[in-house]
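Engineer: Pasting target.csv here (CSV, C-alpha atoms and all ligand atoms):
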```csv
chain,number,residue,atom,x,y,z
A,20,MET,CA,35.4,226.7,63.3
A,21,THR,CA,35.1,222.9,63.5
A,22,ARG,CA,37.8,220.5,62.3
A,23,VAL,CA,36.0,218.1,60.1
A,24,ALA,CA,37.3,214.9,58.4
A,25,PHE,CA,35.2,214.2,55.4
A,26,LEU,CA,35.5,210.6,54.1
A,27,GLY,CA,34.0,209.5,50.8
A,28,LEU,CA,34.4,212.2,48.2
A,29,GLY,CA,32.1,210.8,45.5
A,30,HIS,CA,29.1,212.3,43.7
A,31,MET,CA,27.6,213.5,47.0
A,32,GLY,CA,30.5,213.8,49.3
A,33,LEU,CA,32.7,216.2,47.3
A,34,PRO,CA,30.0,218.9,46.9
A,35,MET,CA,29.0,218.5,50.5
A,36,ALA,CA,32.6,218.9,51.6
A,37,LYS,CA,32.8,222.0,49.4
A,38,ASN,CA,29.8,223.6,51.2
A,39,LEU,CA,31.4,222.9,54.6
A,40,VAL,CA,34.6,224.8,53.4
A,41,ALA,CA,32.4,227.6,52.0
A,42,ALA,CA,30.8,227.9,55.5
A,43,GLY,CA,34.3,228.4,57.0
A,44,HIS,CA,35.0,224.9,58.4
A,45,ASP,CA,38.4,223.4,58.4
A,46,VAL,CA,37.9,220.3,56.2
A,47,LEU,CA,40.4,217.5,55.6
A,48,GLY,CA,39.2,214.9,53.1
A,49,TYR,CA,40.0,211.3,52.1
A,50,ASP,CA,38.7,208.8,49.5
A,51,VAL,CA,40.1,205.4,48.7
A,52,VAL,CA,40.0,206.3,45.0
A,53,PRO,CA,42.9,208.5,44.0
A,54,ALA,CA,40.9,210.3,41.3
A,55,ALA,CA,38.3,211.4,43.9
A,56,ASP,CA,41.2,212.7,46.1
A,57,GLU,CA,42.6,214.6,43.0
A,58,ALA,CA,39.2,216.2,42.3
A,59,ALA,CA,39.0,217.3,46.0
A,60,ARG,CA,42.4,218.9,45.8
A,61,ALA,CA,41.5,220.6,42.6
A,62,ALA,CA,38.5,222.0,44.5
A,63,GLY,CA,40.7,223.4,47.2
A,64,ILE,CA,40.1,220.7,49.8
A,65,PRO,CA,43.3,219.3,51.4
A,66,VAL,CA,43.4,215.5,51.4
A,67,ALA,CA,45.0,213.1,53.9
A,68,GLU,CA,47.1,210.0,53.0
A,69,SER,CA,44.7,207.6,54.7
A,70,GLY,CA,41.4,207.6,56.6
A,71,ALA,CA,43.2,207.2,59.9
A,72,ASP,CA,45.3,210.3,59.1
A,73,ALA,CA,42.2,212.3,58.1
A,74,VAL,CA,40.4,211.6,61.4
A,75,ALA,CA,43.3,211.9,63.9
A,76,ASP,CA,42.9,215.6,64.7
A,77,ALA,CA,39.2,216.0,63.8
A,78,ASP,CA,36.4,217.1,66.1
A,79,VAL,CA,33.8,215.6,63.7
A,80,VAL,CA,34.1,212.8,61.2
A,81,ILE,CA,31.6,212.7,58.3
A,82,THR,CA,31.3,209.5,56.2
A,83,MET,CA,29.5,209.4,52.8
A,84,PHE,CA,30.2,205.8,51.5
A,85,PRO,CA,28.3,203.6,49.0
A,86,ALA,CA,26.9,201.1,51.4
A,87,GLY,CA,26.8,199.8,55.0
A,88,LYS,CA,29.6,197.3,54.7
A,89,HIS,CA,32.0,200.2,53.8
A,90,VAL,CA,31.0,202.0,56.9
A,91,ILE,CA,31.4,199.0,59.3
A,92,ASP,CA,34.7,198.0,57.6
A,93,ALA,CA,36.1,201.6,57.8
A,94,TYR,CA,35.0,202.0,61.5
A,95,GLN,CA,36.6,198.6,62.3
A,96,ASP,CA,39.7,199.0,60.2
A,97,GLY,CA,41.2,202.1,61.9
A,98,LEU,CA,38.8,205.1,62.0
A,99,LEU,CA,37.6,204.5,65.5
A,100,ASP,CA,41.0,203.7,66.8
A,101,ALA,CA,42.6,206.7,65.2
A,102,ALA,CA,40.1,209.4,66.3
A,103,LYS,CA,40.5,211.4,69.5
A,104,PRO,CA,38.2,210.2,72.4
A,105,GLY,CA,34.7,211.6,72.2
A,106,THR,CA,34.9,212.5,68.4
A,107,LEU,CA,31.4,212.9,66.9
A,108,PHE,CA,30.9,210.6,63.9
A,109,ILE,CA,28.2,211.7,61.5
A,110,GLU,CA,27.3,208.8,59.2
A,111,SER,CA,25.5,210.2,56.1
A,112,SER,CA,25.5,207.2,53.7
A,113,THR,CA,22.3,205.4,53.0
A,114,ILE,CA,22.6,202.1,54.9
A,115,ALA,CA,20.3,199.6,56.7
A,116,VAL,CA,18.7,200.6,60.0
A,117,ASP,CA,20.4,197.7,61.8
A,118,GLU,CA,23.8,198.6,60.2
A,119,ALA,CA,23.4,202.2,61.4
A,120,ARG,CA,22.7,200.9,64.9
A,121,THR,CA,25.7,198.6,64.8
A,122,ALA,CA,27.9,201.5,63.6
A,123,HIS,CA,26.5,203.6,66.5
A,124,GLU,CA,27.3,200.8,69.1
A,125,MET,CA,30.8,200.4,67.6
A,126,ALA,CA,31.5,204.1,67.9
A,127,VAL,CA,30.2,204.3,71.5
A,128,ALA,CA,32.1,201.2,72.5
A,129,ALA,CA,35.3,202.9,71.2
A,130,GLY,CA,34.6,206.0,73.3
A,131,HIS,CA,33.1,208.2,70.6
A,132,ARG,CA,29.7,209.6,69.6
A,133,ASN,CA,27.6,208.9,66.5
A,134,VAL,CA,24.5,210.0,64.7
A,135,ASP,CA,23.0,208.6,61.5
A,136,ALA,CA,22.2,211.4,59.1
A,137,PRO,CA,21.2,210.1,55.7
A,138,VAL,CA,20.2,212.6,53.1
A,139,SER,CA,17.7,213.2,50.3
A,140,GLY,CA,18.0,215.7,47.5
A,141,GLY,CA,20.5,214.0,45.3
A,142,VAL,CA,23.6,215.6,43.7
A,143,VAL,CA,21.8,218.8,42.8
A,144,GLY,CA,20.8,219.2,46.5
A,145,ALA,CA,24.4,218.4,47.6
A,146,GLU,CA,25.8,221.0,45.2
A,147,ASN,CA,23.3,223.7,46.2
A,148,GLY,CA,23.4,223.0,49.9
A,149,THR,CA,19.7,222.2,49.9
A,150,LEU,CA,19.8,218.6,51.1
A,151,ALA,CA,17.3,217.2,53.6
A,152,PHE,CA,18.9,215.4,56.5
A,153,MET,CA,17.1,212.8,58.6
A,154,VAL,CA,19.0,212.4,61.9
A,155,GLY,CA,19.0,209.6,64.5
A,156,GLY,CA,20.9,210.1,67.8
A,157,SER,CA,20.9,211.8,71.2
A,158,ASP,CA,19.6,215.4,71.6
A,159,GLU,CA,23.2,216.6,72.5
A,160,ASP,CA,24.8,215.0,69.5
A,161,PHE,CA,22.1,216.3,67.2
A,162,ALA,CA,22.6,219.8,68.6
A,163,GLU,CA,26.4,219.5,67.9
A,164,ALA,CA,25.9,218.2,64.4
A,165,LEU,CA,23.3,220.8,63.5
A,166,PRO,CA,25.5,223.7,62.4
A,167,LEU,CA,27.5,221.4,60.1
A,168,LEU,CA,24.3,219.9,58.6
A,169,GLU,CA,22.9,223.4,58.1
A,170,ALA,CA,26.0,224.2,56.0
A,171,MET,CA,25.1,221.3,53.7
A,172,GLY,CA,21.3,221.2,53.8
A,173,LYS,CA,18.1,223.2,54.2
A,174,ARG,CA,15.7,220.8,56.1
A,175,ILE,CA,17.1,219.0,59.1
A,176,VAL,CA,14.8,216.7,61.1
A,177,HIS,CA,15.8,215.0,64.4
A,178,CYS,CA,13.9,211.7,64.0
A,179,GLY,CA,14.7,210.1,67.3
A,180,GLY,CA,17.4,207.8,68.7
A,181,PRO,CA,20.1,205.8,66.8
A,182,GLY,CA,19.0,204.4,63.5
A,183,LEU,CA,15.8,206.4,63.2
A,184,GLY,CA,17.3,208.7,60.6
A,185,GLN,CA,17.8,205.7,58.4
A,186,ALA,CA,14.3,204.4,59.4
A,187,ALA,CA,12.7,207.7,58.1
A,188,LYS,CA,14.8,207.5,54.9
A,189,VAL,CA,13.7,204.0,54.2
A,190,CYS,CA,10.0,204.7,54.8
A,191,ASN,CA,10.1,207.9,52.6
A,192,ASN,CA,11.8,206.0,49.7
A,193,MET,CA,9.3,203.1,50.0
A,194,ILE,CA,6.5,205.7,49.5
A,195,LEU,CA,8.4,207.2,46.6
A,196,GLY,CA,9.0,203.9,44.8
A,197,VAL,CA,5.4,202.8,45.1
A,198,SER,CA,4.0,206.2,44.0
A,199,GLN,CA,6.3,206.5,41.0
A,200,ILE,CA,5.2,203.1,39.8
A,201,VAL,CA,1.5,203.8,40.2
A,202,VAL,CA,1.8,207.2,38.5
A,203,ALA,CA,3.4,205.5,35.6
A,204,GLU,CA,0.7,202.9,35.5
A,205,ALA,CA,-2.0,205.6,35.5
A,206,PHE,CA,-0.4,207.3,32.5
A,207,VAL,CA,-0.2,204.1,30.6
A,208,LEU,CA,-3.8,203.2,31.5
A,209,GLY,CA,-4.9,206.7,30.5
A,210,GLU,CA,-3.1,206.3,27.1
A,211,ARG,CA,-5.0,203.1,26.4
A,212,LEU,CA,-8.3,204.8,27.3
A,213,GLY,CA,-7.6,207.7,24.9
A,214,LEU,CA,-6.7,210.3,27.6
A,215,GLU,CA,-4.1,213.0,26.7
A,216,HIS,CA,-1.1,213.2,29.1
A,217,GLN,CA,-1.7,216.9,29.8
A,218,ALA,CA,-5.4,216.4,30.6
A,219,LEU,CA,-4.6,213.6,33.1
A,220,PHE,CA,-1.9,215.8,34.6
A,221,ASP,CA,-4.2,218.8,34.9
A,222,VAL,CA,-6.8,216.8,36.7
A,223,VAL,CA,-4.6,214.7,39.1
A,224,SER,CA,-2.1,217.5,40.0
A,225,GLN,CA,-5.1,219.4,41.5
A,226,ALA,CA,-6.9,216.3,42.9
A,227,SER,CA,-6.4,213.7,45.6
A,228,GLY,CA,-3.9,211.7,43.5
A,229,GLN,CA,-1.4,214.6,43.6
A,230,CYS,CA,2.2,213.6,44.7
A,231,TRP,CA,5.9,214.4,44.1
A,232,ALA,CA,6.2,211.5,41.6
A,233,LEU,CA,3.6,213.3,39.4
A,234,THR,CA,4.2,217.0,40.0
A,235,THR,CA,8.0,217.1,40.1
A,236,ASN,CA,9.1,213.8,38.5
A,237,CYS,CA,6.3,213.4,36.0
A,238,PRO,CA,7.1,210.2,34.0
A,239,VAL,CA,5.9,211.5,30.6
A,240,PRO,CA,7.4,214.4,28.7
A,241,GLY,CA,5.4,217.7,28.5
A,242,PRO,CA,3.5,218.5,31.6
A,243,VAL,CA,6.6,219.2,33.9
A,244,PRO,CA,9.4,220.5,31.6
A,245,THR,CA,12.1,219.9,34.2
A,246,SER,CA,11.3,216.2,34.8
A,247,PRO,CA,13.7,213.5,33.5
A,248,ALA,CA,11.1,212.3,31.0
A,249,ASN,CA,12.0,215.4,28.9
A,250,ARG,CA,15.6,214.4,28.6
A,251,ASP,CA,15.3,210.7,27.8
A,252,TYR,CA,15.2,209.8,31.5
A,253,GLN,CA,18.7,211.0,32.3
A,254,PRO,CA,18.8,211.0,36.1
A,255,GLY,CA,17.7,212.6,38.4
A,256,PHE,CA,17.6,209.7,40.7
A,257,ALA,CA,19.0,206.6,39.1
A,258,GLY,CA,17.1,203.3,39.0
A,259,ALA,CA,20.1,201.6,40.7
A,260,LEU,CA,19.8,203.9,43.7
A,261,MET,CA,16.1,203.3,44.0
A,262,ALA,CA,16.7,199.6,43.8
A,263,LYS,CA,19.3,199.8,46.5
A,264,ASP,CA,17.0,201.9,48.8
A,265,LEU,CA,14.1,199.5,48.3
A,266,GLY,CA,16.4,196.6,49.1
A,267,LEU,CA,17.1,198.3,52.4
A,268,ALA,CA,13.3,198.8,52.8
A,269,LEU,CA,12.7,195.1,52.2
A,270,GLN,CA,15.3,194.2,54.8
A,271,ALA,CA,13.5,196.4,57.3
A,272,ILE,CA,10.1,194.9,56.3
A,273,GLU,CA,11.4,191.4,56.9
A,274,GLN,CA,13.2,192.2,60.2
A,275,THR,CA,10.0,193.7,61.6
A,276,SER,CA,7.5,191.2,60.0
A,277,THR,CA,5.6,194.1,58.6
A,278,ASP,CA,2.8,193.4,56.1
A,279,ALA,CA,4.0,195.8,53.4
A,280,ARG,CA,3.0,194.2,50.2
A,281,MET,CA,3.2,197.3,48.1
A,282,GLY,CA,6.7,198.0,49.3
A,283,ARG,CA,7.7,194.4,48.5
A,284,LEU,CA,6.3,194.6,45.0
A,285,ALA,CA,8.0,198.0,44.4
A,286,GLN,CA,11.3,196.4,45.4
A,287,GLU,CA,10.8,193.5,43.0
A,288,LEU,CA,9.9,195.8,40.1
A,289,TYR,CA,12.8,198.2,40.7
A,290,ALA,CA,15.3,195.3,41.1
A,291,ALA,CA,14.1,194.1,37.6
A,292,TYR,CA,14.3,197.7,36.2
A,293,ALA,CA,17.8,198.2,37.5
A,294,ALA,CA,19.0,194.8,36.3
A,295,GLY,CA,17.9,195.8,32.7
A,296,ASP,CA,18.8,199.2,31.3
A,297,GLY,CA,17.2,201.1,34.1
A,298,GLY,CA,20.2,201.1,36.5
A,299,ALA,CA,21.6,204.3,34.9
A,300,ARG,CA,18.3,205.8,33.9
A,301,ASP,CA,16.0,207.9,36.1
A,302,PHE,CA,13.7,205.7,38.2
A,303,SER,CA,10.7,207.4,36.5
A,304,GLY,CA,11.8,205.6,33.3
A,305,ILE,CA,10.1,202.5,34.6
A,306,ILE,CA,7.1,203.7,32.7
A,307,THR,CA,8.7,202.4,29.5
A,308,ASP,CA,9.0,198.9,30.9
A,309,ILE,CA,5.4,199.1,32.2
A,310,ARG,CA,4.1,200.3,28.8
A,311,GLU,CA,6.0,197.5,27.0
A,312,GLY,CA,5.0,194.9,29.6
A,313,ARG,CA,8.6,194.2,30.6
A,314,VAL,CA,8.2,194.3,34.4
B,401,LIG,P1,29.7,207.4,45.2
B,401,LIG,O1,30.0,206.0,45.0
B,401,LIG,O2,29.8,208.4,44.2
B,401,LIG,O3,30.7,207.9,46.4
B,401,LIG,C1,31.1,207.1,47.5
B,401,LIG,C2,32.6,207.3,47.7
B,401,LIG,O4,33.0,206.7,48.9
B,401,LIG,C3,33.4,206.7,46.6
B,401,LIG,O5,34.2,207.7,46.0
B,401,LIG,C4,34.3,205.7,47.3
B,401,LIG,O6,35.6,205.5,46.7
B,401,LIG,C5,34.4,206.2,48.7
B,401,LIG,N1,34.7,205.2,49.7
B,401,LIG,C6,34.3,204.0,49.9
B,401,LIG,N2,34.9,203.4,51.0
B,401,LIG,C7,35.7,204.4,51.5
B,401,LIG,C8,36.6,204.4,52.6
B,401,LIG,N3,36.8,203.4,53.5
B,401,LIG,N4,37.3,205.6,52.9
B,401,LIG,C9,37.2,206.6,52.0
B,401,LIG,N5,36.3,206.7,51.0
B,401,LIG,C10,35.6,205.5,50.7
B,401,LIG,O7,28.3,207.5,45.9
B,401,LIG,P2,27.3,208.8,46.1
B,401,LIG,O8,26.4,208.9,44.9
B,401,LIG,O9,28.2,209.9,46.5
B,401,LIG,O10,26.4,208.3,47.3
B,401,LIG,C11,26.9,208.2,48.6
B,401,LIG,C12,25.8,207.7,49.6
B,401,LIG,O11,24.8,208.6,49.5
B,401,LIG,C13,25.3,206.4,49.2
B,401,LIG,O12,25.0,205.6,50.4
B,401,LIG,C14,24.0,206.7,48.5
B,401,LIG,O13,23.0,205.7,48.6
B,401,LIG,C15,23.5,208.0,49.2
B,401,LIG,N6,22.7,208.9,48.4
B,401,LIG,C16,23.1,209.2,47.1
B,401,LIG,C17,22.3,210.0,46.4
B,401,LIG,C18,22.6,210.4,44.9
B,401,LIG,O14,21.8,210.9,44.2
B,401,LIG,N7,23.8,210.0,44.5
B,401,LIG,C19,21.1,210.6,46.9
B,401,LIG,C20,20.8,210.3,48.3
B,401,LIG,C21,21.6,209.5,49.0
```
In structure tokens, write the structure found in this file.
Structural biologist:
Amino acid sequence: MTRVAFLGLGHMGLPMAKNLVAAGHDVLGYDVVPAADEAARAAGIPVAESGADAVADADVVITMFPAGKHVIDAYQDGLLDAAKPGTLFIESSTIAVDEARTAHEMAVAAGHRNVDAPVSGGVVGAENGTLAFMVGGSDEDFAEALPLLEAMGKRIVHCGGPGLGQAAKVCNNMILGVSQIVVAEAFVLGERLGLEHQALFDVVSQASGQCWALTTNCPVPGPVPTSPANRDYQPGFAGALMAKDLGLALQAIEQTSTDARMGRLAQELYAAYAAGDGGARDFSGIITDIREGRV
């Protein structure tokens, strides 16, 4: 049994913490928002009075915060000081690669260990314990994190050293953003050429254009009954989160002077989508904006 402090009990963090408890770990939670703490208590997870209190006796600290600044601030403002020497910090928020490396260096400088372990799979994956984890850190720290990650996820990949979990996440989501846009464009083009949605789906899903954005997240209602298009684009994966992840991709593109024009364009289109009514809709709903010439 590992003593785990779980900080950030939001949409993702609370169900992840519940799965750790279900696997027999001793979990102490904390969130800065009292309502989140209340929801955790109601789910049977004890909650500390502060982040520092939560980490004081922990073997492992897991953070699941909105963005990188929350991670750096929390590390700086007491978590690293309050933890026992050698504590393993598993940072699972989606943050920039350089922020993940900064967090790693801060943890090591304070006498601790750190891996970045962002996730994909969304709230449903968090609830069902089927998340994918992309992990950056040393072999030893990965091995120690693995049993905990296995309690919360199904596919766990060690991507390399510090920051490389976030690097894999940013690359994956850049592919996803670009492919969701082009699948939407193809359906709108097909409509204008007189092609039925189902006919286009039947061809492409078995041909070289096949991809997740088509076969799981099909942006038109009908061909894939479980896709968000069949429920008026209720997420799923909200446009605001795609815009955030593509912002992190753009940051990485610029820092590495990478010629990634499709990734840049996807970032631009999803920033516009999220600034309109797309922030709370599934990211596949961008097809409406494309059809109406709004992006
Ligand atoms: P959320 O906003 O629901 O939860 C984050 C929680 O962290 C909030 O409850 C907030 O109060 C808390 N928090 C912030 N600073 C804190 C601190 N110093 N101490 C304790 N708690 C603190 O966000 P979420 O949807 O759970 O996402 C969490 C992370 O996972 C994000 O980085 C997001 O990009 C990533 N992610 C989300 C999804 C998804 O579908 N929601 C999918 C993959 C990855």
Engineer: How would you write as a VMD selection string the residues that get within 10 Å of (24.5, 199.9, 65.7) in the file's frame, counting only C-alpha atoms?
Structural biologist: chain A and resid 91 115 to 127 133 135 181 to 182
Engineer: What does the structure give for the distance between atom CA of His131 of chain A and atom CA of Glu110 of chain A, in Å to one decimal?
Structural biologist: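 Rounded to one decimal, the two atoms are 12.8 Å apart.
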Engineer: Calculated over all atoms listed in the file, which of the candidates A:Asp278, A:Asp301, A:Asp221, A:Glu273 has the smallest distance to ligand LIG 401 (chain B)?
Structural biologist: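 Selected residue with least distance to ligand LIG 401 (chain B): A:Asp301.
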Engineer: To one decimal place, how far is atom CA of Thr113 of chain A from atom CA of Ser276 of chain A in Å?
Structural biologist: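 Separating atom CA of Thr113 of chain A from atom CA of Ser276 of chain A is a distance of 21.7 Å.
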Engineer: For ligand LIG 401 (chain B), which residue out of A:Ser69, A:Gln199, A:Thr245, A:Gln253 is the nearest one, using only C-alpha atoms and all ligand atoms?
Structural biologist: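 Nearest to ligand LIG 401 (chain B): A:Ser69.
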Engineer: Residues near Asp160 of chain A, anyone? I mean within 7 Å using all atoms listed in the file, not counting same-chain ones fewer than 4 positions away, as a list of chain:residue names.
Structural biologist: A:Val134, A:Gly156, A:Ala164
Engineer: Would you export the selected residues with C-alpha atoms as a short mmCIF file (atom, residue, chain, number, x, y, z; two decimals), in the frame of the given file, please?
Structural biologist:
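What landed in result_35.cif:
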```
data_model
loop_
_atom_site.label_atom_id
_atom_site.label_comp_id
_atom_site.auth_asym_id
_atom_site.auth_seq_id
_atom_site.Cartn_x
_atom_site.Cartn_y
_atom_site.Cartn_z
CA VAL A 134 24.50 210.00 64.70
CA GLY A 156 20.90 210.10 67.80
CA ALA A 164 25.90 218.20 64.40
#
```
Engineer: Quick one: pull the distance between atom CA of Lys88 of chain A and atom C13 of ligand LIG 401 (chain B), Å, one decimal.
Structural biologist: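 Rounded to one decimal, the two atoms are 11.5 Å apart.
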Engineer: Using all atoms listed in the file, what are the residues with an atom within 8 Å of ligand LIG 401 (chain B), set out as a compact mmCIF listing (two decimals) with C-alpha atoms, in the frame of the given file?
Structural biologist:
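Generated output (out34.txt):
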```txt
# COMPACT_ATOMS: atom_id res chain seq x y z
CA LEU A 26 35.50 210.60 54.10
CA GLY A 27 34.00 209.50 50.80
CA LEU A 28 34.40 212.20 48.20
CA GLY A 29 32.10 210.80 45.50
CA HIS A 30 29.10 212.30 43.70
CA MET A 31 27.60 213.50 47.00
CA GLY A 32 30.50 213.80 49.30
CA LEU A 33 32.70 216.20 47.30
CA TYR A 49 40.00 211.30 52.10
CA ASP A 50 38.70 208.80 49.50
CA VAL A 51 40.10 205.40 48.70
CA VAL A 52 40.00 206.30 45.00
CA ALA A 55 38.30 211.40 43.90
CA SER A 69 44.70 207.60 54.70
CA GLY A 70 41.40 207.60 56.60
CA THR A 82 31.30 209.50 56.20
CA MET A 83 29.50 209.40 52.80
CA PHE A 84 30.20 205.80 51.50
CA PRO A 85 28.30 203.60 49.00
CA ALA A 86 26.90 201.10 51.40
CA GLY A 87 26.80 199.80 55.00
CA HIS A 89 32.00 200.20 53.80
CA VAL A 90 31.00 202.00 56.90
CA ASP A 92 34.70 198.00 57.60
CA ALA A 93 36.10 201.60 57.80
CA SER A 111 25.50 210.20 56.10
CA SER A 112 25.50 207.20 53.70
CA THR A 113 22.30 205.40 53.00
CA ILE A 114 22.60 202.10 54.90
CA PRO A 137 21.20 210.10 55.70
CA VAL A 138 20.20 212.60 53.10
CA SER A 139 17.70 213.20 50.30
CA GLY A 140 18.00 215.70 47.50
CA GLY A 141 20.50 214.00 45.30
CA VAL A 142 23.60 215.60 43.70
CA GLY A 255 17.70 212.60 38.40
CA PHE A 256 17.60 209.70 40.70
CA ALA A 257 19.00 206.60 39.10
CA LEU A 260 19.80 203.90 43.70
CA LYS A 263 19.30 199.80 46.50
CA ASP A 264 17.00 201.90 48.80
```
Engineer: Need to verify the contact set: segment 290-296 of chain A, 12 Å, all atoms listed in the file, exclusion of same-chain residues closer than 5 positions in sequence. Can you return it as number ranges by chain?
Structural biologist: A: 196, 200, 252-253, 256-267, 269, 283-285, 301-309, 312-314
Engineer: Which of these residues is nearest to Ala42 of chain A, using all atoms listed in the file: A:Thr21, A:Gln95, A:Asn249, A:Gln229?
Structural biologist: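 Checking each of A:Thr21, A:Gln95, A:Asn249, A:Gln229 against Ala42 of chain A, counting all atoms listed in the file, the winner is A:Thr21.
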Engineer: If we count only C-alpha atoms and set the cut-off at 8 Å, which residues sit around His44 of chain A, ignoring sequence neighbours fewer than 6 positions away in its own chain? Please answer as a short mmCIF file (atom, residue, chain, number, x, y, z; two decimals) with C-alpha atoms, in the frame of the given file.
Structural biologist:
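Below you can see part_34.cif, which holds the result:
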```cif
data_model
loop_
_atom_site.label_atom_id
_atom_site.label_comp_id
_atom_site.auth_asym_id
_atom_site.auth_seq_id
_atom_site.Cartn_x
_atom_site.Cartn_y
_atom_site.Cartn_z
CA MET A 20 35.40 226.70 63.30
CA THR A 21 35.10 222.90 63.50
CA ARG A 22 37.80 220.50 62.30
CA VAL A 23 36.00 218.10 60.10
#
```
Engineer: Using all atoms listed in the file, which of the listed residues (A:Ala186, A:Ala59, A:Met35, A:Val201) sits closest to Leu288 of chain A?
Structural biologist: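 That would be A:Val201, the residue with the smallest distance to Leu288 of chain A.
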Engineer: So, counting only C-alpha atoms, which residue among A:Gly130, A:Pro247, A:Gly155, A:Gly184 is closest to Ala101 of chain A?
Structural biologist: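 Smallest separation from Ala101 of chain A among the options: A:Gly130.
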Engineer: Excluding Pro240 of chain A and its own-chain neighbours fewer than 6 positions away, which residues fall within 9 Å of it when counting all atoms listed in the file? Please give them as a PyMOL selection string.
Structural biologist: chain A and resi 216+246-251
Engineer: Pick from A:Gly63, A:Gly180, A:Gly48, A:Pro53: nearest to Ala75 of chain A, with all atoms listed in the file counted?
Structural biologist: A:Gly48
